[in-house]
>>> print(open('input21.csv').read())   # CSV, C-alpha atoms and all ligand atoms
chain,number,residue,atom,x,y,z
A,5,MET,CA,106.3,125.6,89.5
A,6,ASP,CA,108.7,127.3,92.0
A,7,VAL,CA,107.2,128.0,95.4
A,8,THR,CA,108.6,128.6,98.8
A,9,ARG,CA,107.5,126.0,101.3
A,10,PRO,CA,105.4,127.8,103.9
A,11,LYS,CA,105.8,127.9,107.7
A,12,LEU,CA,103.2,126.6,110.1
A,13,PHE,CA,101.6,129.1,112.5
A,14,ASP,CA,98.9,129.1,115.1
A,15,PHE,CA,95.6,130.3,113.7
A,16,HIS,CA,92.8,130.5,116.3
A,17,GLY,CA,94.3,127.4,118.0
A,18,VAL,CA,94.8,125.4,114.8
A,19,SER,CA,98.1,125.0,112.9
A,20,MET,CA,97.8,126.5,109.4
A,21,THR,CA,99.8,128.0,106.6
A,22,HIS,CA,99.0,131.2,104.7
A,23,PHE,CA,97.8,129.1,101.7
A,24,PHE,CA,94.6,128.4,103.7
A,25,THR,CA,94.2,131.6,105.7
A,26,ASP,CA,95.0,134.4,103.2
A,27,ASN,CA,91.4,134.6,102.0
A,28,TRP,CA,89.8,134.1,105.5
A,29,ASP,CA,87.2,136.9,105.4
A,30,LYS,CA,85.8,135.7,102.1
A,31,VAL,CA,85.9,132.1,103.2
A,32,GLN,CA,84.0,132.9,106.4
A,33,ASN,CA,81.5,135.1,104.6
A,34,PHE,CA,81.0,132.5,101.8
A,35,LYS,CA,77.4,132.4,100.7
A,36,ALA,CA,76.2,128.8,100.5
A,37,LYS,CA,73.2,127.6,98.5
A,38,PRO,CA,70.8,125.1,100.1
A,39,ASP,CA,71.7,122.4,97.7
A,40,ASP,CA,75.5,122.7,98.1
A,41,ILE,CA,77.2,119.5,99.1
A,42,VAL,CA,80.3,119.9,101.3
A,43,VAL,CA,83.0,117.2,101.4
A,44,ALA,CA,84.9,117.7,104.6
A,45,THR,CA,88.0,115.7,105.6
A,46,TYR,CA,91.3,115.9,107.4
A,47,PRO,CA,93.9,115.9,104.6
A,48,LYS,CA,94.7,112.5,103.1
A,49,ALA,CA,91.5,110.8,104.3
A,50,GLY,CA,90.2,110.1,100.8
A,51,THR,CA,89.0,113.5,99.9
A,52,THR,CA,89.6,113.2,96.1
A,53,TRP,CA,88.0,109.8,96.1
A,54,MET,CA,84.8,111.1,97.7
A,55,CYS,CA,84.8,114.3,95.5
A,56,TYR,CA,85.0,112.2,92.4
A,57,LEU,CA,82.4,109.7,93.6
A,58,LEU,CA,79.9,112.5,94.3
A,59,ASP,CA,80.7,114.3,91.0
A,60,LEU,CA,79.9,111.1,89.1
A,61,LEU,CA,76.8,110.5,91.1
A,62,TYR,CA,75.4,113.9,90.2
A,63,PHE,CA,76.8,114.5,86.7
A,64,HIS,CA,78.0,111.3,85.1
A,65,ARG,CA,74.7,110.9,83.2
A,66,THR,CA,73.9,114.5,82.5
A,67,CYS,CA,77.3,116.0,81.6
A,68,PRO,CA,79.6,113.1,80.5
A,69,GLU,CA,81.8,115.6,78.6
A,70,ARG,CA,82.8,117.3,81.9
A,71,GLU,CA,84.1,114.0,83.2
A,72,LYS,CA,86.5,113.8,80.3
A,73,SER,CA,87.7,117.5,80.1
A,74,VAL,CA,87.6,119.1,83.5
A,75,PRO,CA,90.0,117.9,86.2
A,76,ILE,CA,88.4,117.0,89.5
A,77,TYR,CA,90.1,119.9,91.4
A,78,ASP,CA,88.2,122.3,89.0
A,79,ARG,CA,84.9,120.4,89.3
A,80,VAL,CA,85.1,120.4,93.1
A,81,PRO,CA,86.7,123.6,94.4
A,82,PHE,CA,88.9,123.6,97.5
A,83,LEU,CA,87.1,126.4,99.4
A,84,GLU,CA,89.9,127.8,101.6
A,85,LEU,CA,92.8,127.4,99.1
A,86,VAL,CA,94.7,130.5,97.9
A,87,CYS,CA,97.5,129.6,95.5
A,88,SER,CA,98.4,132.4,93.1
A,89,PRO,CA,98.2,132.5,90.0
A,90,TYR,CA,95.2,130.2,90.3
A,91,PRO,CA,91.8,131.6,91.3
A,92,THR,CA,90.9,131.3,94.9
A,93,GLY,CA,88.7,128.5,96.1
A,94,THR,CA,85.9,130.9,96.9
A,95,ASP,CA,86.0,132.4,93.4
A,96,LYS,CA,86.0,129.0,91.8
A,97,ALA,CA,83.0,127.9,94.0
A,98,ASP,CA,81.2,131.2,93.2
A,99,SER,CA,81.6,130.6,89.5
A,100,LEU,CA,80.7,126.9,89.4
A,101,PRO,CA,78.1,126.3,86.7
A,102,THR,CA,76.7,123.1,88.3
A,103,SER,CA,73.8,122.5,90.6
A,104,PRO,CA,74.4,121.2,93.1
A,105,ARG,CA,77.8,122.6,93.7
A,106,ILE,CA,80.2,120.1,95.4
A,107,ILE,CA,82.7,121.9,97.6
A,108,LYS,CA,85.7,120.5,99.3
A,109,THR,CA,87.1,121.7,102.6
A,110,HIS,CA,89.7,120.5,105.2
A,111,LEU,CA,88.5,123.0,107.8
A,112,PRO,CA,87.9,121.7,111.3
A,113,VAL,CA,84.2,121.9,112.3
A,114,GLN,CA,84.4,125.1,114.2
A,115,PHE,CA,85.8,126.9,111.1
A,116,LEU,CA,83.1,125.9,108.6
A,117,PRO,CA,81.5,129.1,107.2
A,118,LYS,CA,78.2,129.6,109.0
A,119,SER,CA,76.2,130.0,105.8
A,120,PHE,CA,76.5,126.2,105.2
A,121,TRP,CA,74.7,125.6,108.6
A,122,GLU,CA,72.2,128.4,107.9
A,123,GLN,CA,71.3,126.9,104.5
A,124,ASN,CA,71.1,123.4,106.0
A,125,CYS,CA,73.5,122.0,103.4
A,126,ARG,CA,74.4,118.4,103.3
A,127,ILE,CA,77.9,117.5,104.5
A,128,VAL,CA,79.8,114.3,103.8
A,129,TYR,CA,82.7,113.8,106.2
A,130,VAL,CA,85.3,111.1,105.5
A,131,ALA,CA,87.6,110.0,108.2
A,132,ARG,CA,90.6,107.6,108.0
A,133,ASN,CA,92.5,105.7,110.7
A,134,ALA,CA,95.2,107.8,112.2
A,135,LYS,CA,98.1,105.6,111.3
A,136,ASP,CA,97.4,105.3,107.6
A,137,ASN,CA,96.4,109.0,107.6
A,138,VAL,CA,99.8,110.1,108.9
A,139,VAL,CA,101.7,107.9,106.5
A,140,SER,CA,99.8,109.2,103.6
A,141,TYR,CA,100.2,112.8,104.9
A,142,PHE,CA,104.0,112.3,105.2
A,143,HIS,CA,104.4,111.1,101.6
A,144,PHE,CA,102.1,113.9,100.4
A,145,ASP,CA,104.1,116.6,102.2
A,146,ARG,CA,107.3,115.2,100.6
A,147,MET,CA,105.8,115.9,97.1
A,148,GLU,CA,103.5,118.9,97.7
A,149,LYS,CA,105.6,122.1,97.4
A,150,ILE,CA,102.9,124.3,99.1
A,151,GLN,CA,103.2,122.2,102.3
A,152,PRO,CA,105.8,122.8,105.0
A,153,GLU,CA,109.0,120.7,104.8
A,154,PRO,CA,108.0,117.3,106.2
A,155,GLY,CA,111.5,116.5,107.8
A,156,ASP,CA,112.1,112.8,108.5
A,157,TRP,CA,109.5,110.2,109.3
A,158,ASP,CA,110.2,110.1,113.0
A,159,SER,CA,109.9,113.9,113.5
A,160,PHE,CA,106.8,114.0,111.3
A,161,LEU,CA,105.1,111.4,113.4
A,162,GLU,CA,105.9,113.4,116.6
A,163,ARG,CA,104.5,116.5,114.9
A,164,PHE,CA,101.3,114.6,114.0
A,165,LYS,CA,100.8,113.5,117.6
A,166,ASP,CA,101.3,117.1,118.7
A,167,GLY,CA,98.8,118.4,116.2
A,168,LYS,CA,101.4,120.5,114.5
A,169,MET,CA,100.2,119.7,111.0
A,170,VAL,CA,98.4,121.8,108.4
A,171,PHE,CA,94.7,121.9,109.5
A,172,GLY,CA,95.8,121.0,113.0
A,173,SER,CA,95.3,117.9,115.1
A,174,TRP,CA,93.8,114.8,113.4
A,175,TYR,CA,92.4,113.9,116.9
A,176,ASP,CA,90.5,117.2,117.2
A,177,HIS,CA,89.4,117.1,113.6
A,178,VAL,CA,87.8,113.7,113.5
A,179,CYS,CA,86.3,114.0,117.0
A,180,GLY,CA,85.1,117.6,116.4
A,181,TRP,CA,83.1,116.5,113.3
A,182,TRP,CA,82.0,113.3,115.1
A,183,GLU,CA,80.5,115.2,118.0
A,184,LYS,CA,78.7,117.6,115.6
A,185,LYS,CA,77.3,114.7,113.7
A,186,GLN,CA,75.6,113.5,116.9
A,187,THR,CA,73.2,116.5,116.8
A,188,SER,CA,73.1,117.2,113.0
A,189,SER,CA,71.2,115.0,110.6
A,190,LYS,CA,72.9,116.9,107.8
A,191,ILE,CA,76.3,115.2,108.3
A,192,HIS,CA,77.0,111.8,106.8
A,193,TYR,CA,80.1,110.5,108.6
A,194,MET,CA,82.0,107.9,106.5
A,195,PHE,CA,85.2,105.9,106.9
A,196,TYR,CA,87.9,105.4,104.3
A,197,GLU,CA,88.2,101.8,105.5
A,198,ASP,CA,84.5,101.1,104.8
A,199,LEU,CA,84.9,102.5,101.3
A,200,VAL,CA,87.9,100.2,100.7
A,201,GLU,CA,85.9,97.2,102.1
A,202,ASP,CA,82.8,97.7,100.1
A,203,THR,CA,82.5,100.8,97.8
A,204,GLY,CA,79.0,99.7,96.5
A,205,ARG,CA,77.5,99.4,100.0
A,206,GLU,CA,78.9,102.9,100.9
A,207,LEU,CA,77.5,104.3,97.7
A,208,GLU,CA,74.1,102.9,98.6
A,209,ASN,CA,74.2,104.6,102.1
A,210,LEU,CA,75.4,107.8,100.5
A,211,CYS,CA,72.5,107.8,98.1
A,212,SER,CA,70.0,107.3,100.9
A,213,PHE,CA,71.5,110.3,102.7
A,214,LEU,CA,71.4,112.4,99.6
A,215,GLY,CA,67.9,111.2,98.5
A,216,LEU,CA,69.2,109.9,95.2
A,217,SER,CA,68.1,106.6,93.5
A,218,PRO,CA,70.4,106.0,90.5
A,219,LEU,CA,69.8,103.0,88.3
A,220,GLU,CA,71.7,99.8,89.1
A,221,GLU,CA,73.9,100.1,86.0
A,222,GLU,CA,74.8,103.7,86.9
A,223,LYS,CA,75.9,102.6,90.4
A,224,LYS,CA,78.0,99.8,88.9
A,225,GLU,CA,79.6,102.2,86.5
A,226,ILE,CA,80.4,104.7,89.4
A,227,VAL,CA,81.9,101.9,91.5
A,228,ARG,CA,84.1,100.9,88.5
A,229,CYS,CA,85.2,104.5,87.8
A,230,VAL,CA,86.3,105.2,91.4
A,231,GLN,CA,88.5,102.1,91.7
A,232,PHE,CA,92.0,103.0,92.7
A,233,ASP,CA,93.7,101.8,89.5
A,234,VAL,CA,91.0,103.4,87.3
A,235,MET,CA,91.4,106.8,89.0
A,236,LYS,CA,95.2,106.5,88.9
A,237,ALA,CA,95.0,106.0,85.1
A,238,ASN,CA,92.5,108.9,84.6
A,239,PRO,CA,94.2,112.2,83.9
A,240,MET,CA,91.2,114.0,85.3
A,241,THR,CA,91.7,112.4,88.7
A,242,ASN,CA,95.4,111.5,89.1
A,243,GLN,CA,96.5,115.2,89.5
A,244,MET,CA,99.5,114.6,87.3
A,245,ASP,CA,99.0,118.1,85.8
A,246,ASP,CA,99.1,119.8,89.3
A,247,LEU,CA,102.3,121.9,89.1
A,248,THR,CA,102.7,122.1,92.8
A,249,LEU,CA,103.2,118.4,93.1
A,250,ASP,CA,106.6,116.7,92.5
A,251,PHE,CA,105.8,113.3,91.0
A,252,SER,CA,109.5,112.3,91.1
A,253,VAL,CA,109.2,112.1,94.9
A,254,SER,CA,105.9,110.3,95.4
A,255,GLN,CA,102.5,109.7,93.8
A,256,PHE,CA,99.2,111.4,94.6
A,257,LEU,CA,97.3,108.1,94.3
A,258,ARG,CA,100.1,106.3,96.1
A,259,LYS,CA,98.8,103.0,97.5
A,260,GLY,CA,95.2,103.3,98.5
A,261,LYS,CA,95.4,100.6,101.1
A,262,VAL,CA,94.3,100.0,104.7
A,263,GLY,CA,97.3,99.0,106.9
A,264,ASP,CA,100.2,100.5,104.9
A,265,TRP,CA,101.3,102.0,108.2
A,266,LYS,CA,102.8,98.7,109.1
A,267,ASN,CA,105.5,99.4,106.5
A,268,HIS,CA,106.4,102.6,108.2
A,269,PHE,CA,105.9,102.4,112.0
A,270,THR,CA,108.7,100.7,114.1
A,271,VAL,CA,107.5,98.5,117.0
A,272,ALA,CA,108.5,101.2,119.4
A,273,GLN,CA,106.8,104.0,117.4
A,274,ASN,CA,103.6,101.9,117.3
A,275,GLU,CA,103.6,101.2,121.1
A,276,GLN,CA,104.1,104.9,121.8
A,277,PHE,CA,101.5,105.9,119.3
A,278,ASP,CA,98.9,103.5,120.8
A,279,GLU,CA,99.5,104.8,124.3
A,280,ASP,CA,99.2,108.4,123.3
A,281,TYR,CA,96.1,107.6,121.1
A,282,LYS,CA,94.3,106.0,124.0
A,283,ARG,CA,94.8,109.1,126.1
A,284,LYS,CA,93.7,111.5,123.3
A,285,MET,CA,90.7,109.4,122.2
A,286,LYS,CA,89.4,108.3,125.7
A,287,ASN,CA,86.4,110.6,125.7
A,288,THR,CA,84.9,109.7,122.3
A,289,SER,CA,82.8,106.9,121.0
A,290,LEU,CA,84.5,107.2,117.6
A,291,GLN,CA,86.2,103.9,116.5
A,292,PHE,CA,88.6,103.2,113.6
A,293,ARG,CA,89.9,100.0,111.9
A,294,GLU,CA,93.6,100.0,111.4
A,295,GLU,CA,93.6,96.7,109.5
A,296,MET,CA,91.2,94.6,107.6
B,301,LIG,P1,97.7,106.8,100.2
B,301,LIG,O1,98.7,107.9,100.2
B,301,LIG,O2,97.7,106.0,101.4
B,301,LIG,O3,97.8,106.0,98.9
B,301,LIG,P2,93.2,112.9,99.7
B,301,LIG,O4,92.4,112.8,98.5
B,301,LIG,O5,92.4,113.2,100.9
B,301,LIG,O6,94.4,113.7,99.6
B,301,LIG,O7,93.6,111.4,100.1
B,301,LIG,C1,94.6,110.7,99.3
B,301,LIG,C2,94.7,109.3,99.8
B,301,LIG,O8,93.5,108.6,99.3
B,301,LIG,C3,95.9,108.6,99.2
B,301,LIG,O9,96.2,107.6,100.1
B,301,LIG,C4,95.2,108.0,97.9
B,301,LIG,O10,95.9,107.0,97.3
B,301,LIG,C5,93.9,107.6,98.5
B,301,LIG,N1,92.9,107.3,97.4
B,301,LIG,C6,92.5,108.2,96.5
B,301,LIG,N2,91.7,107.6,95.6
B,301,LIG,C7,91.5,106.3,96.1
B,301,LIG,C8,90.7,105.2,95.6
B,301,LIG,N3,90.0,105.2,94.5
B,301,LIG,N4,90.8,104.0,96.4
B,301,LIG,C9,91.6,104.0,97.5
B,301,LIG,N5,92.3,105.0,97.9
B,301,LIG,C10,92.3,106.1,97.3
>>> encode(input="input21.csv", output="structure tokens", more="lines below")
Ligand code: A3P
Amino acid sequence: MDVTRPKLFDFHGVSMTHFFTDNWDKVQNFKAKPDDIVVATYPKAGTTWMCYLLDLLYFHRTCPEREKSVPIYDRVPFLELVCSPYPTGTDKADSLPTSPRIIKTHLPVQFLPKSFWEQNCRIVYVARNAKDNVVSYFHFDRMEKIQPEPGDWDSFLERFKDGKMVFGSWYDHVCGWWEKKQTSSKIHYMFYEDLVEDTGRELENLCSFLGLSPLEEEKKEIVRCVQFDVMKANPMTNQMDDLTLDFSVSQFLRKGKVGDWKNHFTVAQNEQFDEDYKRKMKNTSLQFREEM
């Protein structure tokens, strides 16, 4: 698919591209249903992983045929995405046949459509440590033709620190949702690193939050299906048919590791990053693990 890579612009204080703002009124006026489940993340924090896990949790037993025939990006619409000739995220969400609907967004907390709050919807937020997140984002932008040109690694890292990325600053995103979680029992805040460490444990916690009690064998099967290698081999989750992605440049399910940043950061980049990180994160209780 031939697309022109977009330019970043400032949108109410957050860097965005037109692919995520062209449908803004419809996004902001989106009508949520009380049982909607929102998956909110900063890009490359494990969104697809969580979308698939939730989809299995709700529909693996009742609609197994969907799992084999409908790609995950159609089962879980990306709310703010507008990418012609495909239907918009809001249209896809409006026409979802499932109950509940699982809806993905990368919006920072202040941009989430108010209907989700009014309807008291459950929100699952997944955060990933900044260093692995920026590495994953770099490789993704190299292959994703609807993202701005990434440039070289050094300049990409500087842009990340400055918050000049699509969906804005990682620091503001993870902290904004974390602060909101302190006063909202409807947000379940999860970490990519915890999912890597023990997917079964995280699935248990998620079930408690959602009020679900699947059978032991169902949980085992879900944990098996969401393993990195299994998702990578599954045409419904590996995104190989997404025409905006150039698989000759990188992979969507690329490494799936904690600590891959060590293969990218120089010693000097790491020192500067840590110093800047301390300043930006000094007022939050939010803590990440960069290695395990
Ligand atoms: P890497 O690029 O570090 O491999 P998103 O879905 O938000 O775009 O996130 C993509 C990142 O999550 C990629 O990270 C991808 O490999 C990783 N990921 C996806 N499924 C995973 C899984 N089952 N286990 C571990 N990591 C996974």
>>> residues_around(input="input21.csv", residues="region 187-199 of chain A", least_positions_apart="6", cutoff="6 Å", atoms="only C-alpha atoms", output="number ranges by chain")
A: 126-132
>>> closest_residue(input="input21.csv", among="A:Phe115, A:Phe232, A:Trp53, A:Phe82", to="Gly172 (chain A)", atoms="all atoms listed in the file")
A:Phe115
>>> residues_near_ligand(input="input21.csv", ligand="ligand LIG 301 (chain B)", cutoff="8 Å", atoms="only C-alpha atoms and all ligand atoms", output="ChimeraX atom specification")
/A:45-54,136-137,139-141,143-144,196,199-200,230-236,255-262,264
>>> write_last_selection(input="input21.csv", atoms="C-alpha atoms", output="compact mmCIF listing (two decimals), in the coordinates of the input")
# COMPACT_ATOMS: atom_id res chain seq x y z
CA THR A 45 88.00 115.70 105.60
CA TYR A 46 91.30 115.90 107.40
CA PRO A 47 93.90 115.90 104.60
CA LYS A 48 94.70 112.50 103.10
CA ALA A 49 91.50 110.80 104.30
CA GLY A 50 90.20 110.10 100.80
CA THR A 51 89.00 113.50 99.90
CA THR A 52 89.60 113.20 96.10
CA TRP A 53 88.00 109.80 96.10
CA MET A 54 84.80 111.10 97.70
CA ASP A 136 97.40 105.30 107.60
CA ASN A 137 96.40 109.00 107.60
CA VAL A 139 101.70 107.90 106.50
CA SER A 140 99.80 109.20 103.60
CA TYR A 141 100.20 112.80 104.90
CA HIS A 143 104.40 111.10 101.60
CA PHE A 144 102.10 113.90 100.40
CA TYR A 196 87.90 105.40 104.30
CA LEU A 199 84.90 102.50 101.30
CA VAL A 200 87.90 100.20 100.70
CA VAL A 230 86.30 105.20 91.40
CA GLN A 231 88.50 102.10 91.70
CA PHE A 232 92.00 103.00 92.70
CA ASP A 233 93.70 101.80 89.50
CA VAL A 234 91.00 103.40 87.30
CA MET A 235 91.40 106.80 89.00
CA LYS A 236 95.20 106.50 88.90
CA GLN A 255 102.50 109.70 93.80
CA PHE A 256 99.20 111.40 94.60
CA LEU A 257 97.30 108.10 94.30
CA ARG A 258 100.10 106.30 96.10
CA LYS A 259 98.80 103.00 97.50
CA GLY A 260 95.20 103.30 98.50
CA LYS A 261 95.40 100.60 101.10
CA VAL A 262 94.30 100.00 104.70
CA ASP A 264 100.20 100.50 104.90
>>> atom_distance(input="input21.csv", atom1="CA of Asp40 (chain A)", atom2="CA of Glu220 (chain A)")
24.9 Å
>>> atom_distance(input="input21.csv", atom1="CA of Lys11 (chain A)", atom2="CA of Gly167 (chain A)")
14.5 Å
>>> residues_near_point(input="input21.csv", point="(69.3, 111.2, 80.1)", cutoff="12 Å", atoms="all atoms listed in the file", output="PyMOL selection string")
chain A and resi 63-68+218-219+222
>>> residues_around(input="input21.csv", residues="Cys87 (chain A)", least_positions_apart="3", cutoff="7 Å", atoms="only C-alpha atoms", output="list in words")
Phe23, Tyr90 and Thr92 of chain A
>>> residues_near_point(input="input21.csv", point="(107.6, 116.3, 108.9)", cutoff="12 Å", atoms="only C-alpha atoms", output="number ranges by chain")
A: 11-12, 138-147, 151-170
>>> atom_distance(input="input21.csv", atom1="CA of Ser103 (chain A)", atom2="CA of Leu214 (chain A)")
13.7 Å
>>> residues_around(input="input21.csv", residues="His22 (chain A)", least_positions_apart="4", cutoff="9 Å", atoms="all atoms listed in the file", output="tab-separated table (two decimals) with C-alpha atoms, in the frame of the given file")
chain	number	residue	atom	x	y	z
A	10	PRO	CA	105.40	127.80	103.90
A	11	LYS	CA	105.80	127.90	107.70
A	12	LEU	CA	103.20	126.60	110.10
A	13	PHE	CA	101.60	129.10	112.50
A	26	ASP	CA	95.00	134.40	103.20
A	27	ASN	CA	91.40	134.60	102.00
A	86	VAL	CA	94.70	130.50	97.90
